[in-house]
Number of protein chains: 4
Amino acid sequence: MPRTYRAAVLPAPGAPLRLEERPAPDLAPGAVLLHVLLSEVCGTDVHLRHGRLAGVPYPLIPGHVSVGTVAALRGEARDVDGVAFREGDVAAFLDVHGTCGACHACLVDKETTRCPHRRVYGITFPGDGGLHGGWAEAMHLLPGTKLLRLPDGLPPETYMAGGCGLNTAFHAVERAALRLGDAVVVLGAGAVGQSAVAFAALCGADPVVAVGAPDERLATARRMGATHTLSIEALSPGERLDAVRALTHGRGADAVIEAAGAPEAVVQGAALCRDGGTLVVAGQYTDNGPALWPVHELLNRKHLTVRAVWGSDFSHFYKSIGVLARHHARIPWRDLVTARYPLDQCDAALDAVERRTALKALIAP
Amino acid sequence: MPRTYRAAVLPAPGAPLRLEERPAPDLAPGAVLLHVLLSEVCGTDVHLRHGRLAGVPYPLIPGHVSVGTVAALRGEARDVDGVAFREGDVAAFLDVHGTCGACHACLVDKETTRCPHRRVYGITFPGDGGLHGGWAEAMHLLPGTKLLRLPDGLPPETYMAGGCGLNTAFHAVERAALRLGDAVVVLGAGAVGQSAVAFAALCGADPVVAVGAPDERLATARRMGATHTLSIEALSPGERLDAVRALTHGRGADAVIEAAGAPEAVVQGAALCRDGGTLVVAGQYTDNGPALWPVHELLNRKHLTVRAVWGSDFSHFYKSIGVLARHHARIPWRDLVTARYPLDQCDAALDAVERRTALKALIAP
Amino acid sequence: MPRTYRAAVLPAPGAPLRLEERPAPDLAPGAVLLHVLLSEVCGTDVHLRHGRLAGVPYPLIPGHVSVGTVAALRGEARDVDGVAFREGDVAAFLDVHGTCGACHACLVDKETTRCPHRRVYGITFPGDGGLHGGWAEAMHLLPGTKLLRLPDGLPPETYMAGGCGLNTAFHAVERAALRLGDAVVVLGAGAVGQSAVAFAALCGADPVVAVGAPDERLATARRMGATHTLSIEALSPGERLDAVRALTHGRGADAVIEAAGAPEAVVQGAALCRDGGTLVVAGQYTDNGPALWPVHELLNRKHLTVRAVWGSDFSHFYKSIGVLARHHARIPWRDLVTARYPLDQCDAALDAVERRTALKALIAP
Amino acid sequence: MPRTYRAAVLPAPGAPLRLEERPAPDLAPGAVLLHVLLSEVCGTDVHLRHGRLAGVPYPLIPGHVSVGTVAALRGEARDVDGVAFREGDVAAFLDVHGTCGACHACLVDKETTRCPHRRVYGITFPGDGGLHGGWAEAMHLLPGTKLLRLPDGLPPETYMAGGCGLNTAFHAVERAALRLGDAVVVLGAGAVGQSAVAFAALCGADPVVAVGAPDERLATARRMGATHTLSIEALSPGERLDAVRALTHGRGADAVIEAAGAPEAVVQGAALCRDGGTLVVAGQYTDNGPALWPVHELLNRKHLTVRAVWGSDFSHFYKSIGVLARHHARIPWRDLVTARYPLDQCDAALDAVERRTALKALIAP
């Protein structure tokens, strides 16, 4: 085992990443050292670059979803099914650590994604000296981090193609509480939207309408399971509404999943729901401003249910990996990865994601 | 039986009401002629006066919640428990008629309050010649109208004190899906808000915080079951937020029920919810403009659930009358009525409701 | 139009069917005369033959699920989407008629399958003189009967292959409240079980384990979507439990759907559930005796949820036809029909179903 | 602080308890030493005495629900609201320890009461040398044990009067998913049944019918909130069914909560439910044999939902203490305690509970 590992460190908002050598950590009982195979470049990393997230302790090592090989572990670490990890296992982990299991959010409200003690590897772990982000040759996973072995036959790159959005999309589709045969609209054709399309289709939704741009992403959405696509470049909001109504006997969708990011998409989502339908809001992860919501016409009068989605919990991680392993041969999650970068080209990876020339980029340390 | 009945007719938006004599109707099998004892003057009637509701067929006889004595019926009309009505029974009816039981909303979505065939006595029944509103000596209830005998010991005036808001409030509290001991905030101290306070308290909510104005209405809310009240005249939105947090270990309410009417109340309601809480939107019955909703901070990030409430169905009518009958001796619904008017003073009744000098006014034909 | 129609009449329990000529009915406004293309022979018909159902008004014309051509209609009949029926339309109907929309079950409990006024064509409509069962050249559908046009591209025989069990299975899978990726066991490989397998798979369940016999039916279940099958002829209950545990990390199934008929299947279903799982009981449609249920070990201690399913409502009919139309090219519902009989061989059809030589038989009048 | 504490030890099934002196424990960081004020004698302790529970490590110190004064703590222990405990605080704890937060039951199924690592103070903690049961002058609570300060104004004895059954009853009523105004039947007038009556009434159920014996317990149930009581000594099962139907327009209860213990009570509970109603099974905590359940008539055909309740989680503990604190002045939980015993009379306390001469007995060390 090498005694030091290279890591890409983001020193401060606006600054370029720099490579640093970090020493191998001392492992506490239950901790794991992971040799990183692949780590994700996500829209959130673009926000980190620009300092748009509150409470982030710069400098930090980005990379909140990663897959790697268990290089060392101290004492025993078991997966949720009770099987002990061993060196050489290829494993992924839930990016969230420190959900406390002892506060009101965890124990009484059972809303663990709102636990105030929750920290996210690659985002809210301080990077000064440690190895707590994925854009590095190795990661130091603290005791209690939720690890899962990749299921047999699931290539690491395919898992990473789902990546961060996989869990969120699973959670979003779960919050939509679909009935078999429901008409679903997914707003946004990025990473969350693409997986939401796939999961809605796997739940038996029909039609599954993907709304977004550019055309290549809509073509990808069709491969992921969308029965219809609507381009926001080619169609006005009113035309999209007409199109959704034409597919649903004039009623609108049973459920709309907003994974677009623009505040006005939330209101458009409400318009696309049928009366009494469900709108899932999963795309407002950073503050892009308020939505101007006609609450009489597009909320009260429609008798809507709106469910917001913040983060994901272990059940979404566990279930979504299982579903991915089962269906990846047929549903081309793998194609969501459109670019790979070595550790010394993280800035170029961020550029590609920011300019949307890559749907998803990976760092391969 | 008299051959004609006096009715107060609203000829057109903005015009004063005029008294007309209408002939006793011919009853189809299953129809009922009700001698009106009391009919409600509701905020919706003020909107009717000003032409603020779409799809209203002027002229019309207002009065969508009424109680009366069965004066005549043709053939057989049974209540939901299978008991036949007889002349002399004192009965109330659900204001909604024509929910079709045959459309997608009724049968597949099971959202009957959004049935497109739904008509409301006193609002969307044409008043030209018929007796389909409650501000009249008699009402003609068409076959299939859902009638209920008033339970023993429930005075007609007490039922009317709950009135239209009783059903809506019951529906709103049901949509809040309360857990015993949940902290609840009710925004708005009008008719819906007052009954929502009472129903939340009867569900075991604690605290039950009523937010509104003026002070007399807040005093009423305390008698209805509010454990705390917050005046929107005395406290800024920020101070109300602080006050709700102080009552909830800093977290915010498990559920907020908006029954206030102003669009900004919806956003304030979202702010008052705890993370992962539930906001019920029941107050936007007319279009008072859009809400400016910070969807990142006060929707997505809070992981909220928002449930809008449009109207009520028979189950809310049936259940709320039963609850009222059981608890009216202890909870002073009766005090919500603050004014009574004869049939020739309907304009004065509307003035009182519009100027908010009366919390609730009744017409006694 | 011919003035009389041939119908197969079951005069009394135990008696052979006899052909009668019945006159074309007078149609009330909204009624429909359907020329029957196909009608189902169901396990329930075997029970009718033997007088095992209470409240059946012999003589009757069996056949509770049928498809036909609209031969005549009086006035207007519209489908749930508002489209008027026309002569020549090929249509199916929900076998249930008379759900009243006016009783406590319909309006307050919203459990319409338990409406006391519910009557079923082919079972609880008296057959003396009328045409209210499907084993006839024509059926007389009373006003208010819920008709649906067969979707484009869905052959009548394919619809009939799903038949009666399609709705029940849809309802059962809905009551299972599956999460994407849940492990599901279906007990019973008859008509309900086969469709339940297909619907569970379409909801993204994995694995989907079909338990039953004989081997051909298990082979059919695999084509319908079962990932694994367990033979009740080859394996003891304990071996089946071991097999289900082996597929679920030792835990048992997230949901078990009992569609087997034997009372002990209910208890076995409880054993096959994981702790905190869900058991749907849909197979006890006639009284085959009580189950001996160890309520400490296999109910309370397991923290189970058990949901029984009686009948289906219009939403199941509407949704299941849509799902069938979308997926029948891939999922071989059509193969569930293994025998067809003309109207004068209904007794032979009943024999085949009773002896289980046919999974599903149809009458083609 | 004394250096040793007296504890009542149950050496083996069938043996009398003996007093032992145990040394004060060394506290790990986060551990708490509680000076016991009161500990409960529960029906489960009678089962322990007779060796009826599997997996119990004799010798042990019984007492799974207790209240005491914080005598010492090492490092920091905070409650769920984030407030640190201090010496002198009067606190209760959830009897369950070791729910792991890391297994499939905890993380994926979210059924923490079925976590295989769960241990219960006073039942499944070995008592050899330690102080892990409440029938002792002091208890040693391991780090992570969920402690709550008693709310202001809630006397320790009143809390203990609710005791073990308080949490279970809260969980059971929650599983009943009551609607305001629902008709509820509670089977069993022991500790769980009495609290279930109170909680159902606080949720606004009406009527609340308590079924049990002897008459004094039914009198207690009326004080706890039952609107009606039915004696199982005076009335046959058929008469009880008639009585419940007479109170519910012939329909049966919306929800039945079984807290009786006899297997036949489960089946009777199914009979007392209305069609489409909910049966909660909470009384089969030890194996009293199987129930003979007519699954056609009393499960499938009734379209029932059955929810079993095993144990309780922290949310039930937290919520139920809050509700108790709010309502104990009006609802006489305190009266459920009918006997107190010093530490050297534990056998007499067990006798009293076993012979049912005491509804609830407490040990006051």
# chains A, B, ... in the order shown; residues from 1 in each chain; ligands from 1
$ residues_around --residues "His328 of chain B" --least-positions-apart "5" --cutoff "8 Å" --atoms "only C-alpha atoms" --output "PyMOL selection string"
chain B and resi 154+158+333-334
$ write_last_selection --atoms "all heavy atoms" --output "short mmCIF file (atom, residue, chain, number, x, y, z; two decimals), in the first residue's frame"
data_model
loop_
_atom_site.label_atom_id
_atom_site.label_comp_id
_atom_site.auth_asym_id
_atom_site.auth_seq_id
_atom_site.Cartn_x
_atom_site.Cartn_y
_atom_site.Cartn_z
N LEU B 154 -79.07 18.29 18.22
CA LEU B 154 -78.24 19.29 17.54
C LEU B 154 -79.16 20.38 16.99
O LEU B 154 -79.88 20.16 16.02
CB LEU B 154 -77.45 18.65 16.40
CG LEU B 154 -76.54 19.61 15.60
CD1 LEU B 154 -75.46 20.23 16.47
CD2 LEU B 154 -75.90 18.86 14.43
N THR B 158 -77.00 25.70 15.54
CA THR B 158 -75.64 25.25 15.83
C THR B 158 -75.03 24.59 14.59
O THR B 158 -73.86 24.80 14.26
CB THR B 158 -75.65 24.25 17.01
OG1 THR B 158 -76.22 24.91 18.13
CG2 THR B 158 -74.24 23.79 17.34
N TRP B 333 -69.32 26.07 18.89
CA TRP B 333 -69.59 26.41 17.49
C TRP B 333 -70.71 27.46 17.40
O TRP B 333 -70.64 28.35 16.58
CB TRP B 333 -70.01 25.14 16.72
CG TRP B 333 -68.91 24.50 15.95
CD1 TRP B 333 -68.37 24.92 14.77
CD2 TRP B 333 -68.21 23.30 16.29
NE1 TRP B 333 -67.38 24.06 14.37
CE2 TRP B 333 -67.27 23.05 15.26
CE3 TRP B 333 -68.30 22.40 17.35
CZ2 TRP B 333 -66.42 21.95 15.28
CZ3 TRP B 333 -67.45 21.30 17.36
CH2 TRP B 333 -66.51 21.08 16.35
N ARG B 334 -71.70 27.29 18.28
CA ARG B 334 -72.86 28.19 18.23
C ARG B 334 -72.46 29.66 18.24
O ARG B 334 -73.12 30.48 17.59
CB ARG B 334 -73.76 27.85 19.44
CG ARG B 334 -74.93 28.75 19.68
CD ARG B 334 -75.91 28.72 18.54
NE ARG B 334 -76.94 29.75 18.72
CZ ARG B 334 -76.72 31.04 18.52
NH1 ARG B 334 -75.53 31.46 18.14
NH2 ARG B 334 -77.70 31.90 18.68
#
$ select_by_dssp --residues "segment 129-323 of chain B" --states "strand (DSSP E or B)" --output "JSON, numbers by chain"
{"B": [136, 138, 139, 140, 141, 147, 148, 149, 184, 185, 186, 187, 208, 209, 210, 211, 212, 228, 229, 230, 231, 253, 254, 255, 256, 257, 258, 273, 274, 275, 276, 277, 278, 279, 280, 281, 291, 292, 293, 305, 306, 307, 308]}
$ write_last_selection --atoms "C-alpha atoms" --output "short mmCIF file (atom, residue, chain, number, x, y, z; two decimals), in the first residue's frame"
data_model
loop_
_atom_site.label_atom_id
_atom_site.label_comp_id
_atom_site.auth_asym_id
_atom_site.auth_seq_id
_atom_site.Cartn_x
_atom_site.Cartn_y
_atom_site.Cartn_z
CA ALA B 136 -85.77 31.47 0.10
CA ALA B 138 -88.30 26.81 0.34
CA MET B 139 -85.73 24.83 -1.57
CA HIS B 140 -86.26 22.29 -4.28
CA LEU B 141 -83.73 19.47 -3.86
CA LEU B 147 -79.70 14.76 2.69
CA LEU B 148 -79.01 14.04 6.35
CA ARG B 149 -81.37 14.33 9.27
CA VAL B 184 -50.61 22.29 14.44
CA VAL B 185 -50.86 25.88 13.23
CA VAL B 186 -54.07 27.17 11.65
CA LEU B 187 -53.73 30.31 9.54
CA VAL B 208 -52.97 24.18 18.35
CA VAL B 209 -51.90 27.66 17.36
CA ALA B 210 -54.40 29.97 15.69
CA VAL B 211 -52.97 32.84 13.66
CA GLY B 212 -55.21 35.68 12.53
CA HIS B 228 -52.21 29.63 21.67
CA THR B 229 -53.06 32.51 19.36
CA LEU B 230 -50.88 34.88 17.35
CA SER B 231 -52.22 38.15 16.05
CA ALA B 253 -45.22 22.82 13.27
CA ASP B 254 -45.86 19.24 12.21
CA ALA B 255 -48.76 20.55 10.16
CA VAL B 256 -49.98 23.97 9.07
CA ILE B 257 -53.49 24.50 7.75
CA GLU B 258 -53.83 27.60 5.61
CA CYS B 273 -43.81 23.91 9.01
CA ARG B 274 -41.02 21.83 10.43
CA ASP B 275 -38.73 20.08 7.99
CA GLY B 276 -40.64 17.17 6.56
CA GLY B 277 -43.93 18.66 7.75
CA THR B 278 -47.25 19.05 5.99
CA LEU B 279 -48.89 22.19 4.69
CA VAL B 280 -52.59 22.04 3.82
CA VAL B 281 -53.75 24.78 1.47
CA ALA B 291 -47.66 33.58 -4.21
CA LEU B 292 -43.95 34.31 -4.51
CA TRP B 293 -42.61 31.02 -3.19
CA THR B 305 -45.61 17.81 1.73
CA VAL B 306 -48.27 20.22 0.51
CA ARG B 307 -51.87 19.14 0.11
CA ALA B 308 -54.47 21.38 -1.40
#
$ interface_residues --of "chain B" --to "chain C" --cutoff "7 Å" --atoms "only C-alpha atoms" --output "list of chain:residue names"
B:Val80, B:Asp81, B:Ala102, B:Cys103, B:His104, B:Leu107, B:Val108, B:Phe314, B:Ser315
$ residues_around --residues "segment 351-359 of chain C" --least-positions-apart "2" --cutoff "8 Å" --atoms "only C-alpha atoms" --output "list in words"
Val41, Cys42, Gly43, Val46, Gly190, Ala191, Arg217, Leu336, Val337, Thr338, Ala339, Asp347, Ala348, Ala349 and Ala361 of chain C
$ residues_around --residues "segment 241-247 of chain D" --least-positions-apart "4" --cutoff "8 Å" --atoms "only C-alpha atoms" --output "CSV table (one decimal) with N, CA, C and O atoms, in the first residue's frame"
chain,number,residue,atom,x,y,z
D,207,PRO,N,-68.2,6.1,18.8
D,207,PRO,CA,-68.0,5.7,20.1
D,207,PRO,C,-66.7,5.0,20.3
D,207,PRO,O,-66.0,4.6,19.4
D,209,VAL,N,-65.7,1.8,22.4
D,209,VAL,CA,-66.3,0.7,23.2
D,209,VAL,C,-65.2,-0.2,23.7
D,209,VAL,O,-64.4,-0.7,23.0
D,237,PRO,N,-70.2,-13.8,22.8
D,237,PRO,CA,-69.6,-13.1,21.7
D,237,PRO,C,-70.7,-12.6,20.7
D,237,PRO,O,-70.6,-11.5,20.2
D,251,ARG,N,-73.3,-1.7,11.2
D,251,ARG,CA,-72.2,-1.9,10.4
D,251,ARG,C,-71.0,-2.6,11.0
D,251,ARG,O,-70.3,-3.3,10.4
D,252,GLY,N,-70.8,-2.3,12.3
D,252,GLY,CA,-69.5,-2.8,12.9
D,252,GLY,C,-68.6,-1.6,13.1
D,252,GLY,O,-68.9,-0.5,12.5
D,253,ALA,N,-67.5,-1.8,13.7
D,253,ALA,CA,-66.6,-0.7,14.1
D,253,ALA,C,-65.7,-0.4,12.9
D,253,ALA,O,-65.3,-1.3,12.1
D,271,ALA,N,-64.7,-10.0,13.5
D,271,ALA,CA,-66.1,-10.0,13.3
D,271,ALA,C,-66.7,-8.7,13.7
D,271,ALA,O,-67.7,-8.2,13.1
D,272,LEU,N,-66.1,-8.0,14.6
D,272,LEU,CA,-66.6,-6.7,15.1
D,272,LEU,C,-66.3,-5.5,14.2
D,272,LEU,O,-66.9,-4.5,14.3
$ closest_residue --among "A:Leu53, A:Met224, A:Ala7, A:Ala196" --to "His327 of chain A" --atoms "only C-alpha atoms"
A:Met224
$ residues_around --residues "Glu76 of chain D" --least-positions-apart "5" --cutoff "9 Å" --atoms "only C-alpha atoms" --output "ChimeraX atom specification"
/D:29-31,84-86
$ atom_distance --atom1 "atom CA of Glu264 of chain B" --atom2 "atom CA of Tyr285 of chain B"
14.0 Å
$ closest_residue --among "D:Arg49, D:Arg223, D:Arg301, D:Arg22" --to "Gly130 of chain D" --atoms "only C-alpha atoms"
D:Arg22
$ select_by_dssp --residues "segment 64-243 of chain B" --states "helix (DSSP H, G or I)" --output "PyMOL selection string"
chain B and resi 104-107+112-114+156-175+191-202+215-224+237-243
$ atom_distance --atom1 "atom CA of Gly133 of chain A" --atom2 "atom CA of Leu10 of chain A"
10.6 Å
$ atom_distance --atom1 "atom CA of Phe199 of chain A" --atom2 "atom CA of Glu174 of chain C"
17.6 Å
$ residues_around --residues "Gly165 of chain C" --least-positions-apart "4" --cutoff "10 Å" --atoms "only C-alpha atoms" --output "PDB file with N, CA and C atoms, in the first residue's frame"
ATOM      1  N   CYS C  42     -65.447 -19.365 -15.414  1.00  0.00           N
ATOM      2  CA  CYS C  42     -64.579 -19.027 -14.284  1.00  0.00           C
ATOM      3  C   CYS C  42     -64.816 -20.032 -13.170  1.00  0.00           C
ATOM      4  N   VAL C  65     -68.028 -12.088 -17.059  1.00  0.00           N
ATOM      5  CA  VAL C  65     -67.127 -11.208 -17.809  1.00  0.00           C
ATOM      6  C   VAL C  65     -67.244 -11.574 -19.283  1.00  0.00           C
ATOM      7  N   MET C 160     -60.326 -11.281 -22.899  1.00  0.00           N
ATOM      8  CA  MET C 160     -61.023 -12.338 -22.161  1.00  0.00           C
ATOM      9  C   MET C 160     -60.037 -13.266 -21.456  1.00  0.00           C
ATOM     10  N   ALA C 161     -58.844 -13.379 -21.995  1.00  0.00           N
ATOM     11  CA  ALA C 161     -57.845 -14.233 -21.349  1.00  0.00           C
ATOM     12  C   ALA C 161     -57.494 -13.680 -19.968  1.00  0.00           C
ATOM     13  N   ALA C 169     -56.747  -9.289  -9.733  1.00  0.00           N
ATOM     14  CA  ALA C 169     -55.296  -9.287  -9.569  1.00  0.00           C
ATOM     15  C   ALA C 169     -54.755  -7.864  -9.499  1.00  0.00           C
ATOM     16  N   PHE C 170     -55.322  -6.986 -10.306  1.00  0.00           N
ATOM     17  CA  PHE C 170     -54.877  -5.594 -10.278  1.00  0.00           C
ATOM     18  C   PHE C 170     -55.133  -4.997  -8.904  1.00  0.00           C
ATOM     19  N   HIS C 171     -56.327  -5.248  -8.396  1.00  0.00           N
ATOM     20  CA  HIS C 171     -56.703  -4.765  -7.076  1.00  0.00           C
ATOM     21  C   HIS C 171     -55.771  -5.353  -6.013  1.00  0.00           C
ATOM     22  N   GLY C 190     -53.531 -19.988 -10.820  1.00  0.00           N
ATOM     23  CA  GLY C 190     -54.744 -19.912 -11.628  1.00  0.00           C
ATOM     24  C   GLY C 190     -54.842 -18.549 -12.295  1.00  0.00           C
ATOM     25  N   ALA C 191     -56.056 -18.177 -12.663  1.00  0.00           N
ATOM     26  CA  ALA C 191     -56.239 -16.949 -13.437  1.00  0.00           C
ATOM     27  C   ALA C 191     -55.823 -15.715 -12.644  1.00  0.00           C
ATOM     28  N   VAL C 192     -56.236 -15.625 -11.391  1.00  0.00           N
ATOM     29  CA  VAL C 192     -55.857 -14.452 -10.591  1.00  0.00           C
ATOM     30  C   VAL C 192     -54.353 -14.441 -10.361  1.00  0.00           C
ATOM     31  N   GLY C 193     -53.804 -15.582 -10.004  1.00  0.00           N
ATOM     32  CA  GLY C 193     -52.376 -15.655  -9.737  1.00  0.00           C
ATOM     33  C   GLY C 193     -51.535 -15.277 -10.944  1.00  0.00           C
ATOM     34  N   GLN C 194     -51.922 -15.739 -12.123  1.00  0.00           N
ATOM     35  CA  GLN C 194     -51.125 -15.443 -13.327  1.00  0.00           C
ATOM     36  C   GLN C 194     -51.109 -13.933 -13.606  1.00  0.00           C
ATOM     37  N   SER C 195     -52.259 -13.298 -13.486  1.00  0.00           N
ATOM     38  CA  SER C 195     -52.263 -11.850 -13.729  1.00  0.00           C
ATOM     39  C   SER C 195     -51.556 -11.108 -12.607  1.00  0.00           C
ATOM     40  N   ALA C 196     -51.650 -11.625 -11.382  1.00  0.00           N
ATOM     41  CA  ALA C 196     -50.931 -10.975 -10.282  1.00  0.00           C
ATOM     42  C   ALA C 196     -49.428 -11.041 -10.512  1.00  0.00           C
ATOM     43  N   ALA C 259     -53.566 -16.122  -3.770  1.00  0.00           N
ATOM     44  CA  ALA C 259     -54.623 -16.286  -4.766  1.00  0.00           C
ATOM     45  C   ALA C 259     -54.813 -17.774  -5.004  1.00  0.00           C
ATOM     46  N   GLY C 311     -63.467  -8.356  -4.548  1.00  0.00           N
ATOM     47  CA  GLY C 311     -63.911  -7.749  -5.789  1.00  0.00           C
ATOM     48  C   GLY C 311     -62.976  -6.677  -6.310  1.00  0.00           C
ATOM     49  N   SER C 312     -63.508  -5.848  -7.147  1.00  0.00           N
ATOM     50  CA  SER C 312     -62.723  -4.783  -7.758  1.00  0.00           C
ATOM     51  C   SER C 312     -63.679  -3.655  -8.082  1.00  0.00           C
TER      52      SER C 312
END
